[in-house]
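Asks: Structure: input-v3.tsv, TSV, C-alpha atoms.
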```tsv
chain	number	residue	atom	x	y	z
P	1	MET	CA	0.00	0.00	0.00
P	2	PRO	CA	1.11	3.61	-0.54
P	3	PRO	CA	1.97	5.52	2.67
P	4	THR	CA	-1.51	6.74	3.47
P	5	ASP	CA	-4.22	6.03	6.03
P	6	VAL	CA	-5.77	2.56	6.14
P	7	THR	CA	-8.71	4.04	8.07
P	8	THR	CA	-9.49	6.18	5.03
P	9	LEU	CA	-9.46	3.02	2.91
P	10	ILE	CA	-11.90	1.38	5.35
P	11	ARG	CA	-14.22	4.40	5.27
P	12	THR	CA	-14.18	4.27	1.47
P	13	GLU	CA	-15.00	0.56	1.36
P	14	LEU	CA	-17.47	0.47	4.28
P	15	PRO	CA	-20.63	1.52	2.35
P	16	ARG	CA	-20.18	-1.51	0.06
P	17	LEU	CA	-19.81	-3.98	2.91
P	18	ALA	CA	-22.78	-5.64	4.56
P	19	GLY	CA	-23.57	-7.65	7.66
P	20	SER	CA	-20.64	-9.07	9.62
P	21	LEU	CA	-17.97	-7.49	7.42
P	22	ARG	CA	-19.44	-4.06	8.07
P	23	LYS	CA	-19.44	-4.71	11.83
P	24	VAL	CA	-15.71	-5.43	11.73
P	25	GLY	CA	-15.00	-2.23	9.80
P	26	GLU	CA	-17.12	-0.10	12.12
P	27	LEU	CA	-15.35	-1.40	15.23
P	28	ILE	CA	-11.91	-0.75	13.72
P	29	LEU	CA	-12.88	2.83	12.89
P	30	ALA	CA	-14.35	3.34	16.36
P	31	ASP	CA	-11.09	2.41	18.13
P	32	PRO	CA	-8.18	1.68	15.78
P	33	ALA	CA	-5.59	1.97	18.57
P	34	ALA	CA	-7.25	-0.84	20.56
P	35	VAL	CA	-7.41	-3.07	17.49
P	36	THR	CA	-3.60	-2.98	17.16
P	37	HIS	CA	-3.44	-4.92	20.45
P	38	SER	CA	-6.08	-7.51	19.47
P	39	SER	CA	-5.78	-10.81	17.69
P	40	ALA	CA	-8.06	-11.67	14.78
P	41	ALA	CA	-9.94	-14.12	16.99
P	42	GLU	CA	-10.38	-11.48	19.71
P	43	LEU	CA	-11.63	-8.91	17.21
P	44	GLY	CA	-14.06	-11.50	15.89
P	45	ARG	CA	-15.44	-12.07	19.39
P	46	ARG	CA	-15.76	-8.32	20.04
P	47	THR	CA	-17.81	-7.89	16.85
P	48	GLY	CA	-19.91	-11.00	17.41
P	49	THR	CA	-18.45	-12.58	14.28
P	50	SER	CA	-15.43	-14.88	13.89
P	51	GLN	CA	-11.74	-14.96	13.08
P	52	ALA	CA	-12.57	-16.09	9.54
P	53	THR	CA	-14.84	-13.06	9.10
P	54	VAL	CA	-12.05	-10.72	10.19
P	55	THR	CA	-9.76	-12.32	7.62
P	56	ARG	CA	-12.42	-11.95	4.92
P	57	PHE	CA	-12.83	-8.29	5.88
P	58	CYS	CA	-9.11	-7.66	5.37
P	59	ARG	CA	-9.22	-9.23	1.92
P	60	ALA	CA	-12.42	-7.33	1.06
P	61	ILE	CA	-10.61	-4.00	1.53
P	62	GLY	CA	-7.57	-5.13	-0.43
P	63	LEU	CA	-5.20	-6.27	2.33
P	64	ASP	CA	-3.38	-9.60	2.30
P	65	SER	CA	-4.03	-10.59	5.91
P	66	TYR	CA	-4.97	-9.44	9.40
P	67	GLN	CA	-1.26	-8.96	10.12
P	68	HIS	CA	-1.14	-6.56	7.16
P	69	LEU	CA	-4.01	-4.59	8.71
P	70	LEU	CA	-2.17	-4.37	12.05
P	71	ILE	CA	0.98	-3.09	10.34
P	72	GLU	CA	-0.99	-0.43	8.43
P	73	LEU	CA	-2.79	0.72	11.60
P	74	ALA	CA	0.51	0.98	13.49
P	75	GLN	CA	2.15	2.93	10.66
P	76	GLU	CA	-0.83	5.28	10.45
P	77	ARG	CA	-0.64	5.92	14.18
P	78	GLY	CA	3.07	6.63	13.86
P	79	ARG	CA	2.51	9.10	11.04
P	80	GLY	CA	-0.13	10.85	13.12
P	81	GLU	CA	2.21	11.24	16.08
P	82	VAL	CA	4.86	13.01	13.98
P	83	SER	CA	2.46	14.92	11.73
P	84	ASP	CA	2.65	18.71	11.68
P	85	TRP	CA	-1.08	18.81	10.97
P	86	GLY	CA	-2.10	17.93	14.52
P	87	SER	CA	-4.94	15.69	13.41
P	88	ALA	CA	-4.06	12.92	15.85
P	89	GLU	CA	-4.48	15.23	18.84
P	90	ILE	CA	-7.51	17.14	17.60
P	91	GLY	CA	-9.61	14.43	16.04
P	92	PRO	CA	-11.96	14.67	13.07
P	93	ASP	CA	-15.02	16.48	14.46
P	94	ILE	CA	-15.96	20.14	14.81
P	95	SER	CA	-18.43	20.96	17.57
P	96	PRO	CA	-20.47	24.15	18.12
P	97	ASP	CA	-18.22	25.10	21.05
P	98	ASP	CA	-14.88	24.85	19.25
P	99	ASP	CA	-12.83	28.01	18.88
P	100	LEU	CA	-11.73	29.32	15.49
P	101	GLU	CA	-8.17	27.99	15.87
P	102	ARG	CA	-9.47	24.42	16.19
P	103	VAL	CA	-11.84	24.88	13.23
P	104	VAL	CA	-9.01	26.15	11.02
P	105	THR	CA	-6.69	23.33	12.11
P	106	VAL	CA	-9.26	20.56	11.55
P	107	VAL	CA	-10.36	21.90	8.17
P	108	GLY	CA	-6.78	22.48	7.04
P	109	SER	CA	-5.80	18.99	8.16
P	110	ALA	CA	-8.71	17.39	6.28
P	111	ASP	CA	-7.92	19.29	3.09
P	112	LEU	CA	-4.20	18.50	3.21
P	113	ARG	CA	-4.79	14.83	3.96
P	114	ALA	CA	-7.33	14.47	1.14
P	115	VAL	CA	-4.89	15.97	-1.36
P	116	GLN	CA	-1.94	13.89	-0.13
P	117	GLN	CA	-3.91	10.65	-0.06
P	118	THR	CA	-5.09	11.24	-3.61
P	119	ILE	CA	-1.54	11.99	-4.81
P	120	ASP	CA	-0.19	8.89	-3.04
P	121	ARG	CA	-2.74	6.66	-4.75
P	122	ILE	CA	-3.02	8.14	-8.24
P	123	ASP	CA	-3.19	5.41	-10.87
P	124	LEU	CA	-0.61	6.80	-13.30
P	125	ASP	CA	-1.65	4.41	-16.05
P	126	ALA	CA	-5.28	5.51	-15.77
P	127	LEU	CA	-4.25	9.17	-15.72
P	128	GLU	CA	-2.09	8.69	-18.81
P	129	ARG	CA	-4.85	6.88	-20.69
P	130	THR	CA	-7.26	9.68	-19.83
P	131	ALA	CA	-4.83	12.41	-20.91
P	132	GLN	CA	-4.06	10.65	-24.20
P	133	ALA	CA	-7.78	10.29	-24.97
P	134	VAL	CA	-8.57	13.91	-24.05
P	135	ALA	CA	-5.61	15.30	-26.01
P	136	ARG	CA	-6.79	13.69	-29.26
P	137	ALA	CA	-10.56	13.93	-28.68
P	138	ARG	CA	-12.80	15.63	-31.22
P	139	ARG	CA	-15.05	16.73	-28.35
P	140	ILE	CA	-15.12	16.33	-24.56
P	141	ASP	CA	-18.23	16.23	-22.38
P	142	VAL	CA	-17.91	16.62	-18.59
P	143	TYR	CA	-20.95	15.63	-16.47
P	144	GLY	CA	-21.57	16.54	-12.82
P	145	VAL	CA	-24.27	18.02	-10.60
P	146	GLY	CA	-24.24	19.85	-7.27
P	147	GLY	CA	-20.70	20.20	-5.92
P	148	SER	CA	-19.44	17.92	-8.69
P	149	GLY	CA	-21.16	20.22	-11.19
P	150	ALA	CA	-18.91	23.05	-10.05
P	151	VAL	CA	-15.90	20.80	-10.61
P	152	ALA	CA	-17.21	19.89	-14.08
P	153	LEU	CA	-17.35	23.57	-15.00
P	154	GLU	CA	-13.87	24.09	-13.56
P	155	THR	CA	-12.65	21.23	-15.75
P	156	GLU	CA	-14.21	22.94	-18.76
P	157	VAL	CA	-12.41	26.22	-17.95
P	158	ARG	CA	-9.03	24.50	-17.65
P	159	LEU	CA	-9.22	22.38	-20.81
P	160	PHE	CA	-10.90	25.07	-22.92
P	161	ARG	CA	-8.01	27.43	-22.14
P	162	ILE	CA	-5.53	25.06	-23.80
P	163	GLY	CA	-7.57	24.59	-26.97
P	164	CYS	CA	-9.75	21.58	-26.18
P	165	SER	CA	-13.29	21.42	-27.49
P	166	VAL	CA	-14.93	20.82	-24.11
P	167	ARG	CA	-18.22	21.53	-22.38
P	168	GLY	CA	-19.26	21.01	-18.76
P	169	TRP	CA	-22.86	19.91	-18.22
P	170	ASN	CA	-24.74	20.08	-14.90
P	171	GLU	CA	-28.32	19.74	-16.16
P	172	VAL	CA	-29.41	16.21	-16.98
P	173	HIS	CA	-31.50	16.91	-20.12
P	174	ALA	CA	-28.78	19.01	-21.73
P	175	ALA	CA	-26.16	16.45	-20.71
P	176	ALA	CA	-28.17	13.57	-22.20
P	177	THR	CA	-28.73	15.52	-25.42
P	178	SER	CA	-25.02	16.13	-25.76
P	179	ALA	CA	-24.18	12.53	-24.88
P	180	ALA	CA	-26.52	11.27	-27.62
P	181	LEU	CA	-24.47	13.22	-30.17
P	182	LEU	CA	-21.08	11.83	-29.16
P	183	THR	CA	-19.03	9.47	-31.32
P	184	PRO	CA	-16.07	7.09	-30.81
P	185	ALA	CA	-13.82	10.10	-31.47
P	186	ASP	CA	-15.07	11.79	-28.29
P	187	VAL	CA	-14.50	11.57	-24.52
P	188	ALA	CA	-17.06	11.73	-21.70
P	189	ILE	CA	-15.92	12.48	-18.15
P	190	GLY	CA	-18.32	11.81	-15.27
P	191	ILE	CA	-17.60	13.39	-11.89
P	192	SER	CA	-19.39	12.12	-8.77
P	193	ARG	CA	-17.97	11.41	-5.32
P	194	SER	CA	-20.50	8.64	-4.68
P	195	GLY	CA	-20.53	7.49	-8.28
P	196	ALA	CA	-24.25	6.86	-7.92
P	197	THR	CA	-25.83	10.21	-8.84
P	198	ARG	CA	-28.44	9.39	-11.47
P	199	GLU	CA	-28.19	12.75	-13.24
P	200	THR	CA	-24.50	12.02	-13.88
P	201	VAL	CA	-24.66	8.26	-14.46
P	202	GLU	CA	-27.44	8.40	-17.08
P	203	PRO	CA	-25.73	10.67	-19.66
P	204	PHE	CA	-22.43	8.93	-18.89
P	205	GLU	CA	-23.89	5.53	-19.76
P	206	LEU	CA	-25.46	6.99	-22.90
P	207	ALA	CA	-22.07	8.39	-23.94
P	208	LYS	CA	-20.60	4.90	-23.54
P	209	GLU	CA	-23.38	3.45	-25.73
P	210	ARG	CA	-22.46	5.99	-28.39
P	211	GLY	CA	-18.88	4.69	-28.36
P	212	ALA	CA	-17.18	7.61	-26.58
P	213	THR	CA	-14.25	6.91	-24.27
P	214	THR	CA	-15.67	7.18	-20.74
P	215	VAL	CA	-13.69	8.38	-17.71
P	216	ALA	CA	-15.11	8.21	-14.17
P	217	ILE	CA	-13.76	10.49	-11.45
P	218	THR	CA	-15.17	9.16	-8.18
P	219	ALA	CA	-14.32	8.09	-4.64
P	220	ASP	CA	-16.07	4.73	-5.13
P	221	PRO	CA	-14.26	2.39	-7.56
P	222	LYS	CA	-17.18	-0.07	-7.48
P	223	SER	CA	-19.97	2.46	-8.08
P	224	PRO	CA	-22.32	2.48	-11.09
P	225	LEU	CA	-20.32	5.35	-12.61
P	226	ALA	CA	-17.05	3.45	-12.21
P	227	ARG	CA	-18.55	0.26	-13.64
P	228	ALA	CA	-19.64	2.13	-16.78
P	229	ALA	CA	-16.20	3.67	-17.30
P	230	ASP	CA	-13.39	2.67	-19.59
P	231	VAL	CA	-10.98	4.46	-17.24
P	232	ARG	CA	-11.33	5.24	-13.52
P	233	LEU	CA	-9.61	8.01	-11.55
P	234	ILE	CA	-10.17	7.61	-7.81
P	235	SER	CA	-10.20	10.50	-5.35
P	236	TYR	CA	-9.83	10.20	-1.57
P	237	THR	CA	-11.25	12.31	1.24
P	238	SER	CA	-10.51	12.98	4.89
P	239	GLU	CA	-13.61	13.24	7.02
P	240	ALA	CA	-14.41	16.14	9.30
P	241	SER	CA	-17.87	16.91	10.51
P	242	PHE	CA	-20.09	19.72	11.72
P	243	PRO	CA	-22.03	17.76	12.64
P	244	THR	CA	-21.68	15.58	9.52
P	245	GLY	CA	-20.19	15.98	6.09
P	246	ILE	CA	-17.06	15.55	4.01
P	247	ILE	CA	-14.31	18.16	3.93
P	248	GLY	CA	-11.57	17.91	1.36
P	249	ALA	CA	-13.57	16.03	-1.26
P	250	ARG	CA	-13.44	18.79	-3.86
P	251	HIS	CA	-9.75	19.45	-3.28
P	252	SER	CA	-8.87	15.82	-3.97
P	253	VAL	CA	-10.82	15.87	-7.25
P	254	LEU	CA	-9.24	19.17	-8.32
P	255	VAL	CA	-5.80	17.62	-7.81
P	256	LEU	CA	-6.75	14.97	-10.37
P	257	ILE	CA	-8.12	17.64	-12.73
P	258	ASP	CA	-4.94	19.73	-12.40
P	259	CYS	CA	-2.76	16.70	-13.15
P	260	LEU	CA	-4.92	15.88	-16.15
P	261	TYR	CA	-4.77	19.48	-17.37
P	262	ALA	CA	-0.99	19.61	-17.11
P	263	ARG	CA	-0.51	16.29	-18.90
P	264	VAL	CA	-2.93	17.20	-21.72
P	265	ALA	CA	-1.05	20.49	-22.15
P	266	GLN	CA	2.18	18.50	-22.48
P	267	LEU	CA	0.71	16.08	-25.01
P	268	SER	CA	-0.76	18.88	-27.13
P	269	TYR	CA	2.05	21.36	-26.48
P	270	GLN	CA	1.86	23.38	-29.69
P	271	ARG	CA	-1.91	23.74	-29.55
P	272	ALA	CA	-1.89	24.53	-25.83
P	273	SER	CA	0.90	27.08	-26.19
P	274	ALA	CA	-0.83	28.81	-29.09
P	275	SER	CA	-4.12	28.95	-27.20
P	276	LEU	CA	-2.51	30.40	-24.08
P	277	ALA	CA	-0.61	32.98	-26.15
P	278	LEU	CA	-3.85	34.15	-27.76
P	279	THR	CA	-5.64	34.54	-24.42
P	280	ASP	CA	-2.97	35.63	-21.93
P	281	HIS	CA	-3.70	39.33	-22.44
P	282	ILE	CA	-7.43	39.11	-21.67
P	283	ALA	CA	-7.27	39.17	-17.88
P	284	GLY	CA	-4.88	42.12	-17.91
P	285	GLN	CA	-7.14	44.12	-20.22
P	286	HIS	CA	-10.01	43.74	-17.77
P	287	ALA	CA	-8.07	44.67	-14.66
P	288	VAL	CA	-9.37	47.75	-12.84
P	289	LYS	CA	-6.77	50.52	-12.87
P	290	HIS	CA	-6.03	52.06	-9.49
P	291	ARG	CA	-6.60	55.78	-9.18
P	292	ARG	CA	-4.02	57.83	-7.38
P	293	THR	CA	-5.33	59.73	-4.40
P	294	ARG	CA	-4.10	63.20	-3.54
```
For this file, produce the structure as structure tokens.
Replies:
Amino acid sequence: MPPTDVTTLIRTELPRLAGSLRKVGELILADPAAVTHSSAAELGRRTGTSQATVTRFCRAIGLDSYQHLLIELAQERGRGEVSDWGSAEIGPDISPDDDLERVVTVVGSADLRAVQQTIDRIDLDALERTAQAVARARRIDVYGVGGSGAVALETEVRLFRIGCSVRGWNEVHAAATSAALLTPADVAIGISRSGATRETVEPFELAKERGATTVAITADPKSPLARAADVRLISYTSEASFPTGIIGARHSVLVLIDCLYARVAQLSYQRASASLALTDHIAGQHAVKHRRTR
């Protein structure tokens, strides 16, 4: 595993686990420090399951064995103790009585961890395949709604600036209409943290039927969006709540978008350079000139 938090991996996988496997995951997240001093059999008893179930849980989240889980938990605890972010001492939650210093520290920690975890786990092959497809695409559709819709529009702004024919869609009828007009020469990018948002999945699946290369950007590699994708880019988040919610999710996705943008610009260097040269002056022309005061 890359040097990142195994508890984040468990949180990511937990919604897909059911019954006894979910019980094991929930207990580990509730007290990971105590688990490092427990045997698999003991953890099975504490969750009302069995040693075999604990072993199956480890394999379900991508670990080789229970010993592998213990090593990852110990390493995570060690990283927390030396971290400059202070997350180990402060914890993940924000309460109504917390002062502003704690709020800033918790939010900053969640954002930094989400970005770092995503960087640590980027699938370079998937990123390269996506960049190659986008660089040569006749047209690029980007689908997303809500918070992911804002990221879809941000993706449009980045790629459009370097000469790509791209459009971000955050309304399902318009997205479906565009998807129906795609061809095998095109690319469709679906952005959804859950990977299960119908307004994003439906046009994405239609784009795949039309033969377009489909790229899913999601936190759930087993979601409907991911299953419909030719290529998957996975984002990671650190949880912080007030009283519930995810902080850092958008930052982790934007890291992927920035990496994609930079690689596409490399692959289409002449086009990107020409596009930037033609547009660099625009912002300066619209800057408000300061008046001197007497």
Asks: Give me, as a list of chain:residue names, all polymer residues having an atom no more than 10 Å from Leu69 (chain P), counting only C-alpha atoms and skipping those fewer than 3 positions away in the same chain.
Replies: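 Non-adjacent residues within range: P:Val6, P:Thr7, P:Val35, P:Thr36, P:Thr55, P:Phe57, P:Cys58, P:Arg59, P:Ile61, P:Gly62, P:Leu63, P:Asp64, P:Ser65, P:Tyr66, P:Glu72, P:Leu73, P:Ala74, P:Gln75.
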Asks: Mind writing the picked residues with C-alpha atoms as an mmCIF file, in the frame of the given file?
Replies:
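Dumped to out.cif:
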```cif
data_model
loop_
_atom_site.group_PDB
_atom_site.id
_atom_site.type_symbol
_atom_site.label_atom_id
_atom_site.label_comp_id
_atom_site.auth_asym_id
_atom_site.auth_seq_id
_atom_site.Cartn_x
_atom_site.Cartn_y
_atom_site.Cartn_z
ATOM 1 C CA VAL P 6 -5.770 2.560 6.140
ATOM 2 C CA THR P 7 -8.710 4.040 8.070
ATOM 3 C CA VAL P 35 -7.410 -3.070 17.490
ATOM 4 C CA THR P 36 -3.600 -2.980 17.160
ATOM 5 C CA THR P 55 -9.760 -12.320 7.620
ATOM 6 C CA PHE P 57 -12.830 -8.290 5.880
ATOM 7 C CA CYS P 58 -9.110 -7.660 5.370
ATOM 8 C CA ARG P 59 -9.220 -9.230 1.920
ATOM 9 C CA ILE P 61 -10.610 -4.000 1.530
ATOM 10 C CA GLY P 62 -7.570 -5.130 -0.430
ATOM 11 C CA LEU P 63 -5.200 -6.270 2.330
ATOM 12 C CA ASP P 64 -3.380 -9.600 2.300
ATOM 13 C CA SER P 65 -4.030 -10.590 5.910
ATOM 14 C CA TYR P 66 -4.970 -9.440 9.400
ATOM 15 C CA GLU P 72 -0.990 -0.430 8.430
ATOM 16 C CA LEU P 73 -2.790 0.720 11.600
ATOM 17 C CA ALA P 74 0.510 0.980 13.490
ATOM 18 C CA GLN P 75 2.150 2.930 10.660
#
```
Asks: Of the candidates P:Thr12, P:Thr218, P:Asn170, P:Thr183, which shows the shortest atom-to-atom distance to Gly149 (chain P), using only C-alpha atoms?
Replies: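 The closest residue to Gly149 (chain P) is P:Asn170.
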Asks: Ranking P:Ala110, P:Ala33, P:Thr118, P:Glu42 by minimum distance to Leu9 (chain P) and counting only C-alpha atoms, which one comes first?
Replies: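 Between P:Ala110, P:Ala33, P:Thr118, P:Glu42, the residue approaching Leu9 (chain P) most closely is P:Thr118.
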Asks: What gap, in Å, lies between CA of Ser178 (chain P) and CA of Ser192 (chain P)?
Replies: 18.3 Å
Asks: Could you tell me how far CA of Pro221 (chain P) lies from CA of Leu267 (chain P), in Å and to one decimal?
Replies: 26.8 Å
Asks: Mind running region 119-222 of chain P against region 274-287 of chain P at 7 Å and telling me each contacting residue's nearest atom pair with the distance in Å (one decimal), counting all atoms listed in the file, chain and number ascending, as a tab-separated table?
Replies:
```
residue	atom	partner	partner_atom	distance
P:Arg161	CA	P:Leu276	CA	6.5
P:Ile162	CA	P:Ser275	CA	5.4
P:Gly163	CA	P:Ser275	CA	5.6
```
Asks: Which is closest to Ile94 (chain P) among P:Arg56, P:Val106, P:Ala176, P:Ala188, if we use all atoms listed in the file?
Replies: P:Val106
Asks: Atoms are missing here; could region 255-265 of chain P be completed with all heavy atoms and written as a compact mmCIF listing (two decimals), keeping the file's coordinate frame?
Replies:
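After the write, out.txt holds the following:
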```
# COMPACT_ATOMS: atom_id res chain seq x y z
N VAL P 255 -7.17 18.08 -7.60
CA VAL P 255 -5.80 17.62 -7.81
C VAL P 255 -5.74 16.74 -9.05
O VAL P 255 -4.84 16.87 -9.90
CB VAL P 255 -5.29 16.84 -6.57
CG1 VAL P 255 -4.02 16.08 -6.91
CG2 VAL P 255 -5.01 17.79 -5.43
N LEU P 256 -6.70 15.83 -9.19
CA LEU P 256 -6.75 14.97 -10.37
C LEU P 256 -6.95 15.80 -11.64
O LEU P 256 -6.31 15.56 -12.67
CB LEU P 256 -7.87 13.95 -10.22
CG LEU P 256 -7.69 12.88 -9.14
CD1 LEU P 256 -8.95 12.05 -8.99
CD2 LEU P 256 -6.50 11.98 -9.46
N ILE P 257 -7.84 16.79 -11.56
CA ILE P 257 -8.12 17.64 -12.73
C ILE P 257 -6.87 18.44 -13.10
O ILE P 257 -6.54 18.58 -14.29
CB ILE P 257 -9.29 18.59 -12.44
CG1 ILE P 257 -10.58 17.80 -12.16
CG2 ILE P 257 -9.50 19.57 -13.60
CD1 ILE P 257 -11.00 16.88 -13.28
N ASP P 258 -6.17 18.97 -12.12
CA ASP P 258 -4.94 19.73 -12.40
C ASP P 258 -3.88 18.86 -13.05
O ASP P 258 -3.18 19.29 -13.98
CB ASP P 258 -4.40 20.36 -11.12
CG ASP P 258 -5.14 21.61 -10.71
OD1 ASP P 258 -5.86 22.18 -11.56
OD2 ASP P 258 -5.04 22.02 -9.54
N CYS P 259 -3.73 17.63 -12.55
CA CYS P 259 -2.76 16.70 -13.15
C CYS P 259 -3.15 16.37 -14.58
O CYS P 259 -2.29 16.32 -15.48
CB CYS P 259 -2.66 15.42 -12.32
SG CYS P 259 -1.90 15.64 -10.69
N LEU P 260 -4.44 16.16 -14.80
CA LEU P 260 -4.92 15.88 -16.15
C LEU P 260 -4.67 17.06 -17.07
O LEU P 260 -4.17 16.91 -18.20
CB LEU P 260 -6.42 15.54 -16.10
CG LEU P 260 -7.11 15.32 -17.45
CD1 LEU P 260 -6.50 14.14 -18.19
CD2 LEU P 260 -8.61 15.12 -17.25
N TYR P 261 -4.98 18.25 -16.60
CA TYR P 261 -4.77 19.48 -17.37
C TYR P 261 -3.31 19.62 -17.79
O TYR P 261 -2.98 19.89 -18.96
CB TYR P 261 -5.23 20.68 -16.54
CG TYR P 261 -4.69 22.02 -16.99
CD1 TYR P 261 -5.27 22.70 -18.05
CD2 TYR P 261 -3.61 22.60 -16.34
CE1 TYR P 261 -4.78 23.94 -18.46
CE2 TYR P 261 -3.11 23.83 -16.74
CZ TYR P 261 -3.70 24.49 -17.80
OH TYR P 261 -3.21 25.70 -18.20
N ALA P 262 -2.42 19.44 -16.83
CA ALA P 262 -0.99 19.61 -17.11
C ALA P 262 -0.50 18.57 -18.12
O ALA P 262 0.29 18.90 -19.03
CB ALA P 262 -0.18 19.51 -15.81
N ARG P 263 -0.96 17.33 -17.97
CA ARG P 263 -0.51 16.29 -18.90
C ARG P 263 -1.08 16.50 -20.30
O ARG P 263 -0.36 16.30 -21.30
CB ARG P 263 -0.93 14.91 -18.37
CG ARG P 263 -0.42 13.74 -19.20
CD ARG P 263 1.08 13.77 -19.33
NE ARG P 263 1.59 12.56 -19.99
CZ ARG P 263 2.76 12.50 -20.62
NH1 ARG P 263 3.55 13.56 -20.66
NH2 ARG P 263 3.14 11.37 -21.18
N VAL P 264 -2.34 16.91 -20.40
CA VAL P 264 -2.93 17.20 -21.72
C VAL P 264 -2.18 18.35 -22.38
O VAL P 264 -1.91 18.33 -23.59
CB VAL P 264 -4.44 17.52 -21.59
CG1 VAL P 264 -5.00 18.02 -22.93
CG2 VAL P 264 -5.20 16.28 -21.14
N ALA P 265 -1.82 19.37 -21.60
CA ALA P 265 -1.05 20.49 -22.15
C ALA P 265 0.30 20.02 -22.68
O ALA P 265 0.76 20.48 -23.72
CB ALA P 265 -0.85 21.55 -21.07
```
